[in-house]
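Heads up, query.pdb below (PDB, C-alpha atoms):
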MODEL        1
ATOM      1  CA  MET U   1     -18.911  42.215   8.607  1.00  0.00           C
ATOM      2  CA  SER U   2     -16.629  45.074   7.578  1.00  0.00           C
ATOM      3  CA  GLU U   3     -16.817  48.580   9.012  1.00  0.00           C
ATOM      4  CA  ASP U   4     -18.297  49.766   5.716  1.00  0.00           C
ATOM      5  CA  ASP U   5     -21.044  47.094   5.880  1.00  0.00           C
ATOM      6  CA  THR U   6     -21.794  48.008   9.497  1.00  0.00           C
ATOM      7  CA  ALA U   7     -22.031  51.700   8.630  1.00  0.00           C
ATOM      8  CA  THR U   8     -24.300  50.951   5.667  1.00  0.00           C
ATOM      9  CA  ALA U   9     -26.582  48.774   7.801  1.00  0.00           C
ATOM     10  CA  ALA U  10     -26.759  51.477  10.487  1.00  0.00           C
ATOM     11  CA  LEU U  11     -27.567  54.147   7.899  1.00  0.00           C
ATOM     12  CA  LEU U  12     -30.341  52.008   6.372  1.00  0.00           C
ATOM     13  CA  GLU U  13     -31.814  51.350   9.819  1.00  0.00           C
ATOM     14  CA  PHE U  14     -31.757  55.086  10.572  1.00  0.00           C
ATOM     15  CA  LEU U  15     -33.437  55.920   7.231  1.00  0.00           C
ATOM     16  CA  ASN U  16     -36.172  53.309   7.792  1.00  0.00           C
ATOM     17  CA  ALA U  17     -36.895  54.733  11.251  1.00  0.00           C
ATOM     18  CA  THR U  18     -36.923  58.271   9.857  1.00  0.00           C
ATOM     19  CA  GLU U  19     -39.297  57.269   7.056  1.00  0.00           C
ATOM     20  CA  THR U  20     -41.687  55.740   9.592  1.00  0.00           C
ATOM     21  CA  GLU U  21     -41.655  58.895  11.706  1.00  0.00           C
ATOM     22  CA  ILE U  22     -42.246  61.104   8.652  1.00  0.00           C
ATOM     23  CA  THR U  23     -45.280  58.998   7.707  1.00  0.00           C
ATOM     24  CA  SER U  24     -46.626  59.319  11.257  1.00  0.00           C
ATOM     25  CA  ALA U  25     -46.070  63.079  11.217  1.00  0.00           C
ATOM     26  CA  LYS U  26     -47.905  63.386   7.860  1.00  0.00           C
ATOM     27  CA  ARG U  27     -50.873  61.500   9.280  1.00  0.00           C
ATOM     28  CA  LEU U  28     -50.995  63.706  12.388  1.00  0.00           C
ATOM     29  CA  ILE U  29     -50.919  66.868  10.282  1.00  0.00           C
ATOM     30  CA  ILE U  30     -53.622  65.524   7.976  1.00  0.00           C
ATOM     31  CA  GLN U  31     -55.849  64.620  10.907  1.00  0.00           C
ATOM     32  CA  ALA U  32     -55.285  67.954  12.648  1.00  0.00           C
ATOM     33  CA  LYS U  33     -55.973  70.031   9.536  1.00  0.00           C
ATOM     34  CA  ASN U  34     -58.630  67.754   7.976  1.00  0.00           C
ATOM     35  CA  ILE U  35     -56.620  67.581   4.748  1.00  0.00           C
ATOM     36  CA  SER U  36     -57.565  64.997   2.140  1.00  0.00           C
ATOM     37  CA  GLN U  37     -55.152  62.069   2.275  1.00  0.00           C
ATOM     38  CA  GLU U  38     -55.327  61.636  -1.495  1.00  0.00           C
ATOM     39  CA  GLN U  39     -52.450  64.085  -2.023  1.00  0.00           C
ATOM     40  CA  THR U  40     -50.029  62.689   0.549  1.00  0.00           C
ATOM     41  CA  TRP U  41     -48.110  60.098  -1.478  1.00  0.00           C
ATOM     42  CA  ASN U  42     -45.346  60.939  -3.906  1.00  0.00           C
ATOM     43  CA  PRO U  43     -45.399  58.766  -7.055  1.00  0.00           C
ATOM     44  CA  HIS U  44     -41.746  59.513  -7.830  1.00  0.00           C
ATOM     45  CA  THR U  45     -40.391  57.713  -4.764  1.00  0.00           C
ATOM     46  CA  ILE U  46     -42.069  54.370  -5.487  1.00  0.00           C
ATOM     47  CA  ARG U  47     -39.926  51.711  -7.189  1.00  0.00           C
ATOM     48  CA  ARG U  48     -41.644  50.106 -10.163  1.00  0.00           C
ATOM     49  CA  GLN U  49     -40.833  47.457 -12.714  1.00  0.00           C
ATOM     50  CA  GLN U  50     -42.051  47.042 -16.273  1.00  0.00           C
ATOM     51  CA  ALA U  51     -44.642  44.325 -16.894  1.00  0.00           C
ATOM     52  CA  GLN U  52     -46.599  43.162 -19.928  1.00  0.00           C
ATOM     53  CA  GLY U  53     -50.382  43.097 -19.711  1.00  0.00           C
ATOM     54  CA  GLU U  54     -52.795  41.440 -22.106  1.00  0.00           C
ATOM     55  CA  ALA U  55     -53.337  44.668 -24.054  1.00  0.00           C
ATOM     56  CA  ARG U  56     -50.169  46.679 -23.421  1.00  0.00           C
ATOM     57  CA  PRO U  57     -47.237  47.206 -21.063  1.00  0.00           C
ATOM     58  CA  TYR U  58     -47.713  48.733 -17.623  1.00  0.00           C
ATOM     59  CA  GLU U  59     -45.678  49.346 -14.469  1.00  0.00           C
ATOM     60  CA  LYS U  60     -46.140  47.480 -11.221  1.00  0.00           C
ATOM     61  CA  SER U  61     -44.928  48.112  -7.716  1.00  0.00           C
ATOM     62  CA  GLU U  62     -44.579  45.881  -4.671  1.00  0.00           C
ATOM     63  CA  ASP U  63     -42.443  48.392  -2.739  1.00  0.00           C
ATOM     64  CA  LEU U  64     -43.900  47.683   0.737  1.00  0.00           C
ATOM     65  CA  GLU U  65     -40.861  49.157   2.474  1.00  0.00           C
ATOM     66  CA  ASN U  66     -41.752  52.542   0.969  1.00  0.00           C
ATOM     67  CA  ALA U  67     -44.119  54.757   2.979  1.00  0.00           C
ATOM     68  CA  ASP U  68     -45.484  56.390  -0.193  1.00  0.00           C
ATOM     69  CA  HIS U  69     -46.363  52.951  -1.617  1.00  0.00           C
ATOM     70  CA  ARG U  70     -48.251  52.099   1.578  1.00  0.00           C
ATOM     71  CA  LEU U  71     -50.111  55.447   1.426  1.00  0.00           C
ATOM     72  CA  LEU U  72     -50.972  54.768  -2.228  1.00  0.00           C
ATOM     73  CA  ILE U  73     -52.455  51.388  -1.225  1.00  0.00           C
ATOM     74  CA  GLU U  74     -54.553  53.130   1.454  1.00  0.00           C
ATOM     75  CA  ASP U  75     -55.702  55.683  -1.120  1.00  0.00           C
ATOM     76  CA  LEU U  76     -56.605  52.919  -3.585  1.00  0.00           C
ATOM     77  CA  ASN U  77     -58.545  51.071  -0.885  1.00  0.00           C
ATOM     78  CA  ARG U  78     -60.582  54.242  -0.244  1.00  0.00           C
ATOM     79  CA  HIS U  79     -61.388  54.349  -3.991  1.00  0.00           C
ATOM     80  CA  ASN U  80     -62.391  50.702  -4.474  1.00  0.00           C
ATOM     81  CA  GLY U  81     -58.976  49.737  -5.842  1.00  0.00           C
ATOM     82  CA  LYS U  82     -58.821  52.182  -8.775  1.00  0.00           C
ATOM     83  CA  LEU U  83     -57.939  55.850  -9.239  1.00  0.00           C
ATOM     84  CA  THR U  84     -56.401  58.324 -11.628  1.00  0.00           C
ATOM     85  CA  GLN U  85     -53.738  60.550 -10.136  1.00  0.00           C
ATOM     86  CA  HIS U  86     -50.688  62.379 -11.504  1.00  0.00           C
ATOM     87  CA  ASP U  87     -51.665  61.515 -15.142  1.00  0.00           C
ATOM     88  CA  TYR U  88     -51.674  57.782 -14.389  1.00  0.00           C
ATOM     89  CA  PHE U  89     -54.451  55.262 -13.924  1.00  0.00           C
ATOM     90  CA  CYS U  90     -53.559  53.134 -10.874  1.00  0.00           C
ATOM     91  CA  TRP U  91     -55.169  49.924  -9.674  1.00  0.00           C
ATOM     92  CA  LEU U  92     -54.701  47.501  -6.819  1.00  0.00           C
ATOM     93  CA  PHE U  93     -54.175  43.840  -7.647  1.00  0.00           C
ATOM     94  CA  THR U  94     -56.325  41.280  -5.830  1.00  0.00           C
ATOM     95  CA  LYS U  95     -53.520  40.320  -3.494  1.00  0.00           C
ATOM     96  CA  GLY U  96     -53.784  43.852  -2.059  1.00  0.00           C
ATOM     97  CA  THR U  97     -50.089  44.770  -1.955  1.00  0.00           C
ATOM     98  CA  THR U  98     -49.230  45.124  -5.639  1.00  0.00           C
ATOM     99  CA  VAL U  99     -50.123  48.301  -7.530  1.00  0.00           C
ATOM    100  CA  GLY U 100     -50.291  48.619 -11.311  1.00  0.00           C
ATOM    101  CA  ARG U 101     -50.211  51.859 -13.239  1.00  0.00           C
ATOM    102  CA  LYS U 102     -50.356  53.033 -16.829  1.00  0.00           C
ATOM    103  CA  LYS U 103     -50.205  56.462 -18.426  1.00  0.00           C
ATOM    104  CA  ARG U 104     -53.608  58.025 -19.216  1.00  0.00           C
TER
ENDMDL
END
Could you render the structure as structure tokens?
Amino acid sequence: MSEDDTATAALLEFLNATETEITSAKRLIIQAKNISQEQTWNPHTIRRQQAQGEARPYEKSEDLENADHRLLIEDLNRHNGKLTQHDYFCWLFTKGTTVGRKKR
């Protein structure tokens, strides 16, 4: 492994640890202030790919490494697997880790 690869791996490990701590800090703040968790995930940080549904195209995400994706799954679970947020209709696939979305 080259020095560049080692540095990249170390940076990625640091960013993953930082992301985990940020998620924990958000949860602590939410609990302390009794803020609704529905507004805690950022849709712009979640990686999505285009997919074709029966009626029309949609976007899907399986970005489990992303804290915002995990928070979105929690939010969807609180809303029986479906919600409209940020001008998009989002739903949770049966497998429970994949999220679909389409523009409203």
| said: Using Å and a single decimal, report how far CA of Arg104 in chain U sits from CA of Asn66 in chain U. | reply: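 CA of Arg104 in chain U lies at a distance of 24.0 Å from CA of Asn66 in chain U.
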| Which residues fall under the PyMOL selection byres ((chain U and resi 68) around 8) in this file, as a list in words? |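 Written out, the selection comes to Thr40, Trp41, Asn42, Pro43, Thr45, Ile46, Asn66, Ala67, His69, Arg70, Leu71 and Leu72 of chain U.
Taking CA of Asn16 in chain U and CA of Gly100 in chain U as the two end points, the separation is 24.2 Å.
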| said: For this structure, which residues satisfy the selection - the PyMOL selection byres ((chain U and resi 79-84) around 10) - when it is evaluated on the file as given? I want them as a PyMOL selection string. | reply: chain U and resi 38+72-78+85-94+96+99-104
| message | One number please: CA of Leu64 in chain U to CA of Arg48 in chain U, in Å, one decimal. | response | 11.4 Å
Where atoms are absent from range 68-91 of chain U, fill them in so it carries N, CA and C atoms, then output it as a compact mmCIF listing (two decimals), in the frame of the given file.
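Done, and the output landed in out_29.txt:
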# COMPACT_ATOMS: atom_id res chain seq x y z
N ASP U 68 -44.59 55.87 0.84
CA ASP U 68 -45.48 56.39 -0.19
C ASP U 68 -46.27 55.26 -0.87
N HIS U 69 -45.65 54.11 -1.05
CA HIS U 69 -46.36 52.95 -1.62
C HIS U 69 -47.49 52.52 -0.68
N ARG U 70 -47.21 52.48 0.61
CA ARG U 70 -48.25 52.10 1.58
C ARG U 70 -49.40 53.12 1.59
N LEU U 71 -49.07 54.42 1.49
CA LEU U 71 -50.11 55.45 1.43
C LEU U 71 -50.92 55.33 0.14
N LEU U 72 -50.26 54.98 -0.97
CA LEU U 72 -50.97 54.77 -2.23
C LEU U 72 -51.96 53.61 -2.10
N ILE U 73 -51.55 52.52 -1.44
CA ILE U 73 -52.46 51.39 -1.23
C ILE U 73 -53.66 51.83 -0.40
N GLU U 74 -53.44 52.62 0.64
CA GLU U 74 -54.55 53.13 1.45
C GLU U 74 -55.49 53.98 0.59
N ASP U 75 -54.91 54.83 -0.24
CA ASP U 75 -55.70 55.68 -1.12
C ASP U 75 -56.52 54.83 -2.09
N LEU U 76 -55.90 53.82 -2.67
CA LEU U 76 -56.60 52.92 -3.58
C LEU U 76 -57.74 52.19 -2.87
N ASN U 77 -57.50 51.75 -1.65
CA ASN U 77 -58.54 51.07 -0.88
C ASN U 77 -59.74 51.99 -0.64
N ARG U 78 -59.49 53.29 -0.43
CA ARG U 78 -60.58 54.24 -0.24
C ARG U 78 -61.37 54.47 -1.54
N HIS U 79 -60.75 54.13 -2.69
CA HIS U 79 -61.39 54.35 -3.99
C HIS U 79 -61.70 53.02 -4.69
N ASN U 80 -62.01 52.01 -3.92
CA ASN U 80 -62.39 50.70 -4.47
C ASN U 80 -61.34 50.11 -5.40
N GLY U 81 -60.07 50.38 -5.12
CA GLY U 81 -58.98 49.74 -5.84
C GLY U 81 -58.56 50.38 -7.15
N LYS U 82 -59.16 51.53 -7.51
CA LYS U 82 -58.82 52.18 -8.78
C LYS U 82 -58.86 53.69 -8.60
N LEU U 83 -57.90 54.39 -9.23
CA LEU U 83 -57.94 55.85 -9.24
C LEU U 83 -57.03 56.40 -10.32
N THR U 84 -57.28 57.62 -10.70
CA THR U 84 -56.40 58.32 -11.63
C THR U 84 -55.78 59.47 -10.86
N GLN U 85 -54.47 59.53 -10.89
CA GLN U 85 -53.74 60.55 -10.14
C GLN U 85 -52.41 60.80 -10.85
N HIS U 86 -51.98 62.03 -10.91
CA HIS U 86 -50.69 62.38 -11.50
C HIS U 86 -50.57 61.85 -12.93
N ASP U 87 -51.62 61.96 -13.74
CA ASP U 87 -51.66 61.52 -15.14
C ASP U 87 -51.54 60.01 -15.34
N TYR U 88 -51.73 59.24 -14.29
CA TYR U 88 -51.67 57.78 -14.39
C TYR U 88 -52.94 57.16 -13.82
N PHE U 89 -53.39 56.09 -14.47
CA PHE U 89 -54.45 55.26 -13.92
C PHE U 89 -53.77 54.19 -13.07
N CYS U 90 -54.15 54.10 -11.80
CA CYS U 90 -53.56 53.13 -10.87
C CYS U 90 -54.62 52.16 -10.41
N TRP U 91 -54.24 50.92 -10.18
CA TRP U 91 -55.17 49.92 -9.67
C TRP U 91 -54.45 49.00 -8.71
